[in-house]
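Engineer: Have a look at the structure that comes next, please.
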Amino acid sequence: MKKAIVAWWPVIRQRPRLFAGVVVLVLVICLLDFALRVFVGRDAESRKFTAPAMPVMPQYETSAVIKSRLLTALPELRSLEAEAEATPREIALQGVFAVRGQRTAALVLMPQGDKPLERRNVKTGEETDGWTVERIAGTRVTLRKGSEVRELVLLRGKVE
């Protein structure tokens with residue numbers, strides 16, 4: 001504090017009116033700040049919490065709508081999809097095992113188009129990818145789809 005007074009002392013002696021003006025200005029600013037922070041009239045209405053208005057979110061179209069629009073705009077896409085559905089997926093026999101006396105076949109459905117690789121365990125009479133499991137033997141599985149019959153054989157390679 002003493003250093004501040006010593007630093008301001010020449011200004012105070014040479015220009016006392018300027019110093020008085022600065023002091024008054026600082027006091028007015030402090031009083032105004034105090035008055036606005038403490039004594040501002042606040043009624044109960046301004047103290048209530050009001051939730052902000054929720055923004056309206058745009059409605060996005062579903063993937064089915066987008067896909068149908070794409071198919072109408074791009075007819076070659078429709079032909080590619082029809083071709084992918086017309087060609088059957090390859091099915092491979094991965095293994096045959098018995099659970100509680102009932103035979104179960106482990107089938108692998110190969111990926112095709114947008115359909116991923118799938119592994120399924122099926123029993124006689126169950127359906128997979130449109131094919132019905134007709135018979136499960138030790139190393140063979142017979143599948144039927146309408147009048148078409150397919151037989152999958154489990155191949156075992158030599159262990160060297």
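Labels used: A, B, ... for chains in the order of the structure tokens, numbers from 1 for residues in each chain, and numbers from 1 for ligands as shown.
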List as CSV every residue of stretch 1-118 of chain A that is in contact with stretch 143-152 of chain A, defined as an atom at most 10 Å from one of its atoms (using only C-alpha atoms), together with the nearest atom pair and the distance in Å rounded to one decimal, sorted by chain and then rising number.

Structural biologist:
```
residue,atom,partner,partner_atom,distance
A:Ile91,CA,A:Leu152,CA,8.1
A:Ala92,CA,A:Leu152,CA,6.7
A:Leu93,CA,A:Leu152,CA,6.0
A:Gln94,CA,A:Leu152,CA,9.6
A:Leu107,CA,A:Leu152,CA,9.4
```

Engineer: Using only N, CA and C atoms, please write the residues we just selected to a file, as an mmCIF file, in the first residue's frame.

Structural biologist:
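Just written: result02.cif:
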```
data_model
loop_
_atom_site.group_PDB
_atom_site.id
_atom_site.type_symbol
_atom_site.label_atom_id
_atom_site.label_comp_id
_atom_site.auth_asym_id
_atom_site.auth_seq_id
_atom_site.Cartn_x
_atom_site.Cartn_y
_atom_site.Cartn_z
ATOM 1 N N ILE A 91 -24.493 -74.003 -49.858
ATOM 2 C CA ILE A 91 -24.584 -74.551 -48.503
ATOM 3 C C ILE A 91 -23.562 -75.668 -48.405
ATOM 4 N N ALA A 92 -22.765 -75.641 -47.357
ATOM 5 C CA ALA A 92 -21.747 -76.676 -47.140
ATOM 6 C C ALA A 92 -22.032 -77.373 -45.818
ATOM 7 N N LEU A 93 -21.726 -78.671 -45.792
ATOM 8 C CA LEU A 93 -21.889 -79.460 -44.570
ATOM 9 C C LEU A 93 -20.596 -79.371 -43.780
ATOM 10 N N GLN A 94 -20.683 -78.906 -42.555
ATOM 11 C CA GLN A 94 -19.494 -78.758 -41.722
ATOM 12 C C GLN A 94 -19.328 -79.942 -40.769
ATOM 13 N N LEU A 107 -24.471 -76.730 -40.700
ATOM 14 C CA LEU A 107 -24.403 -76.235 -42.074
ATOM 15 C C LEU A 107 -23.768 -74.855 -42.100
#
```

Engineer: Could you pull out the strand (DSSP E or B) residues of stretch 51-140 of chain A from DSSP and send them as JSON, numbers by chain?

Structural biologist: {"A": [91, 92, 93, 94, 95, 96, 97, 98, 99, 102, 103, 104, 105, 106, 107, 108, 109, 112, 115, 118, 119, 120, 121, 122, 123, 127, 128, 131, 132, 133, 134, 135, 136, 140]}

Engineer: Would you save the residues of that selection, restricted to N, CA and C atoms, as an mmCIF file, in the first residue's frame?

Structural biologist:
```
data_model
loop_
_atom_site.group_PDB
_atom_site.id
_atom_site.type_symbol
_atom_site.label_atom_id
_atom_site.label_comp_id
_atom_site.auth_asym_id
_atom_site.auth_seq_id
_atom_site.Cartn_x
_atom_site.Cartn_y
_atom_site.Cartn_z
ATOM 1 N N ILE A 91 -24.493 -74.003 -49.858
ATOM 2 C CA ILE A 91 -24.584 -74.551 -48.503
ATOM 3 C C ILE A 91 -23.562 -75.668 -48.405
ATOM 4 N N ALA A 92 -22.765 -75.641 -47.357
ATOM 5 C CA ALA A 92 -21.747 -76.676 -47.140
ATOM 6 C C ALA A 92 -22.032 -77.373 -45.818
ATOM 7 N N LEU A 93 -21.726 -78.671 -45.792
ATOM 8 C CA LEU A 93 -21.889 -79.460 -44.570
ATOM 9 C C LEU A 93 -20.596 -79.371 -43.780
ATOM 10 N N GLN A 94 -20.683 -78.906 -42.555
ATOM 11 C CA GLN A 94 -19.494 -78.758 -41.722
ATOM 12 C C GLN A 94 -19.328 -79.942 -40.769
ATOM 13 N N GLY A 95 -20.421 -80.565 -40.385
ATOM 14 C CA GLY A 95 -20.310 -81.700 -39.485
ATOM 15 C C GLY A 95 -21.673 -82.265 -39.143
ATOM 16 N N VAL A 96 -21.660 -83.518 -38.663
ATOM 17 C CA VAL A 96 -22.878 -84.178 -38.193
ATOM 18 C C VAL A 96 -22.573 -84.699 -36.796
ATOM 19 N N PHE A 97 -23.469 -84.433 -35.859
ATOM 20 C CA PHE A 97 -23.264 -84.919 -34.494
ATOM 21 C C PHE A 97 -24.611 -85.278 -33.898
ATOM 22 N N ALA A 98 -24.549 -86.075 -32.829
ATOM 23 C CA ALA A 98 -25.775 -86.528 -32.181
ATOM 24 C C ALA A 98 -25.891 -85.879 -30.806
ATOM 25 N N VAL A 99 -27.082 -85.338 -30.516
ATOM 26 C CA VAL A 99 -27.374 -84.753 -29.216
ATOM 27 C C VAL A 99 -28.591 -85.470 -28.671
ATOM 28 N N GLN A 102 -30.534 -87.652 -31.071
ATOM 29 C CA GLN A 102 -31.076 -87.040 -32.284
ATOM 30 C C GLN A 102 -29.926 -86.420 -33.071
ATOM 31 N N ARG A 103 -29.872 -86.746 -34.368
ATOM 32 C CA ARG A 103 -28.783 -86.217 -35.191
ATOM 33 C C ARG A 103 -29.022 -84.761 -35.559
ATOM 34 N N THR A 104 -27.929 -84.013 -35.511
ATOM 35 C CA THR A 104 -27.953 -82.597 -35.866
ATOM 36 C C THR A 104 -26.841 -82.343 -36.870
ATOM 37 N N ALA A 105 -27.140 -81.537 -37.886
ATOM 38 C CA ALA A 105 -26.148 -81.206 -38.905
ATOM 39 C C ALA A 105 -25.727 -79.751 -38.740
ATOM 40 N N ALA A 106 -24.433 -79.522 -38.865
ATOM 41 C CA ALA A 106 -23.894 -78.162 -38.825
ATOM 42 C C ALA A 106 -23.684 -77.716 -40.267
ATOM 43 N N LEU A 107 -24.471 -76.730 -40.700
ATOM 44 C CA LEU A 107 -24.403 -76.235 -42.074
ATOM 45 C C LEU A 107 -23.768 -74.855 -42.100
ATOM 46 N N VAL A 108 -23.077 -74.586 -43.206
ATOM 47 C CA VAL A 108 -22.487 -73.270 -43.430
ATOM 48 C C VAL A 108 -23.127 -72.689 -44.682
ATOM 49 N N LEU A 109 -23.788 -71.539 -44.538
ATOM 50 C CA LEU A 109 -24.379 -70.837 -45.677
ATOM 51 C C LEU A 109 -23.377 -69.776 -46.128
ATOM 52 N N GLN A 112 -23.482 -64.213 -49.894
ATOM 53 C CA GLN A 112 -23.906 -63.896 -51.257
ATOM 54 C C GLN A 112 -24.601 -62.541 -51.234
ATOM 55 N N LYS A 115 -26.033 -60.832 -48.022
ATOM 56 C CA LYS A 115 -26.224 -61.852 -46.982
ATOM 57 C C LYS A 115 -24.854 -62.320 -46.482
ATOM 58 N N GLU A 118 -23.178 -67.559 -42.683
ATOM 59 C CA GLU A 118 -23.962 -68.001 -41.527
ATOM 60 C C GLU A 118 -23.637 -69.457 -41.216
ATOM 61 N N ARG A 119 -23.655 -69.778 -39.941
ATOM 62 C CA ARG A 119 -23.517 -71.165 -39.495
ATOM 63 C C ARG A 119 -24.785 -71.523 -38.736
ATOM 64 N N ARG A 120 -25.385 -72.668 -39.084
ATOM 65 C CA ARG A 120 -26.618 -73.080 -38.428
ATOM 66 C C ARG A 120 -26.555 -74.564 -38.082
ATOM 67 N N ASN A 121 -27.129 -74.896 -36.949
ATOM 68 C CA ASN A 121 -27.312 -76.291 -36.558
ATOM 69 C C ASN A 121 -28.773 -76.635 -36.812
ATOM 70 N N VAL A 122 -29.011 -77.660 -37.630
ATOM 71 C CA VAL A 122 -30.385 -78.016 -38.017
ATOM 72 C C VAL A 122 -30.641 -79.481 -37.732
ATOM 73 N N LYS A 123 -31.927 -79.789 -37.506
ATOM 74 C CA LYS A 123 -32.367 -81.166 -37.283
ATOM 75 C C LYS A 123 -33.284 -81.554 -38.426
ATOM 76 N N GLU A 127 -36.133 -76.024 -41.559
ATOM 77 C CA GLU A 127 -35.912 -75.338 -42.826
ATOM 78 C C GLU A 127 -34.806 -74.304 -42.649
ATOM 79 N N THR A 128 -33.949 -74.197 -43.672
ATOM 80 C CA THR A 128 -32.892 -73.195 -43.666
ATOM 81 C C THR A 128 -32.706 -72.665 -45.079
ATOM 82 N N TRP A 131 -34.586 -74.356 -47.872
ATOM 83 C CA TRP A 131 -34.353 -75.796 -48.004
ATOM 84 C C TRP A 131 -34.832 -76.493 -46.736
ATOM 85 N N THR A 132 -35.503 -77.631 -46.897
ATOM 86 C CA THR A 132 -35.959 -78.430 -45.763
ATOM 87 C C THR A 132 -35.009 -79.609 -45.602
ATOM 88 N N VAL A 133 -34.572 -79.836 -44.351
ATOM 89 C CA VAL A 133 -33.681 -80.958 -44.068
ATOM 90 C C VAL A 133 -34.537 -82.221 -44.073
ATOM 91 N N GLU A 134 -34.265 -83.086 -45.049
ATOM 92 C CA GLU A 134 -35.067 -84.298 -45.206
ATOM 93 C C GLU A 134 -34.476 -85.476 -44.436
ATOM 94 N N ARG A 135 -33.149 -85.595 -44.470
ATOM 95 C CA ARG A 135 -32.509 -86.744 -43.824
ATOM 96 C C ARG A 135 -31.087 -86.379 -43.404
ATOM 97 N N ILE A 136 -30.701 -86.861 -42.216
ATOM 98 C CA ILE A 136 -29.326 -86.670 -41.741
ATOM 99 C C ILE A 136 -28.748 -88.047 -41.482
ATOM 100 N N ARG A 140 -23.759 -87.590 -44.448
ATOM 101 C CA ARG A 140 -24.557 -86.989 -45.513
ATOM 102 C C ARG A 140 -25.793 -86.298 -44.943
#
```

Engineer: Let's see if you can do this: from backbone DSSP, list all helix (DSSP H, G or I) residues in chain A, as number ranges by chain.

Structural biologist: A: 2-14, 16-38, 44-47, 63-73, 75-86

Engineer: Please indicate the distance in Å from atom CA of A:Arg69 to atom CA of A:Asp114, rounded to one decimal place.

Structural biologist: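 Answer for the atom CA of A:Arg69 to atom CA of A:Asp114 separation: 18.6 Å.
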
Engineer: So how far away is atom CA of A:Gly125 from atom CA of A:Val141, in Å?

Structural biologist: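 Between atom CA of A:Val141 and atom CA of A:Gly125 the gap works out to 11.6 Å.
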
Engineer: Suppose you want the space between atom CA of A:Ile5 and atom CA of A:Ala20; what is it in Å?

Structural biologist: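 Computed distance, atom CA of A:Ile5 to atom CA of A:Ala20, equals 14.1 Å.
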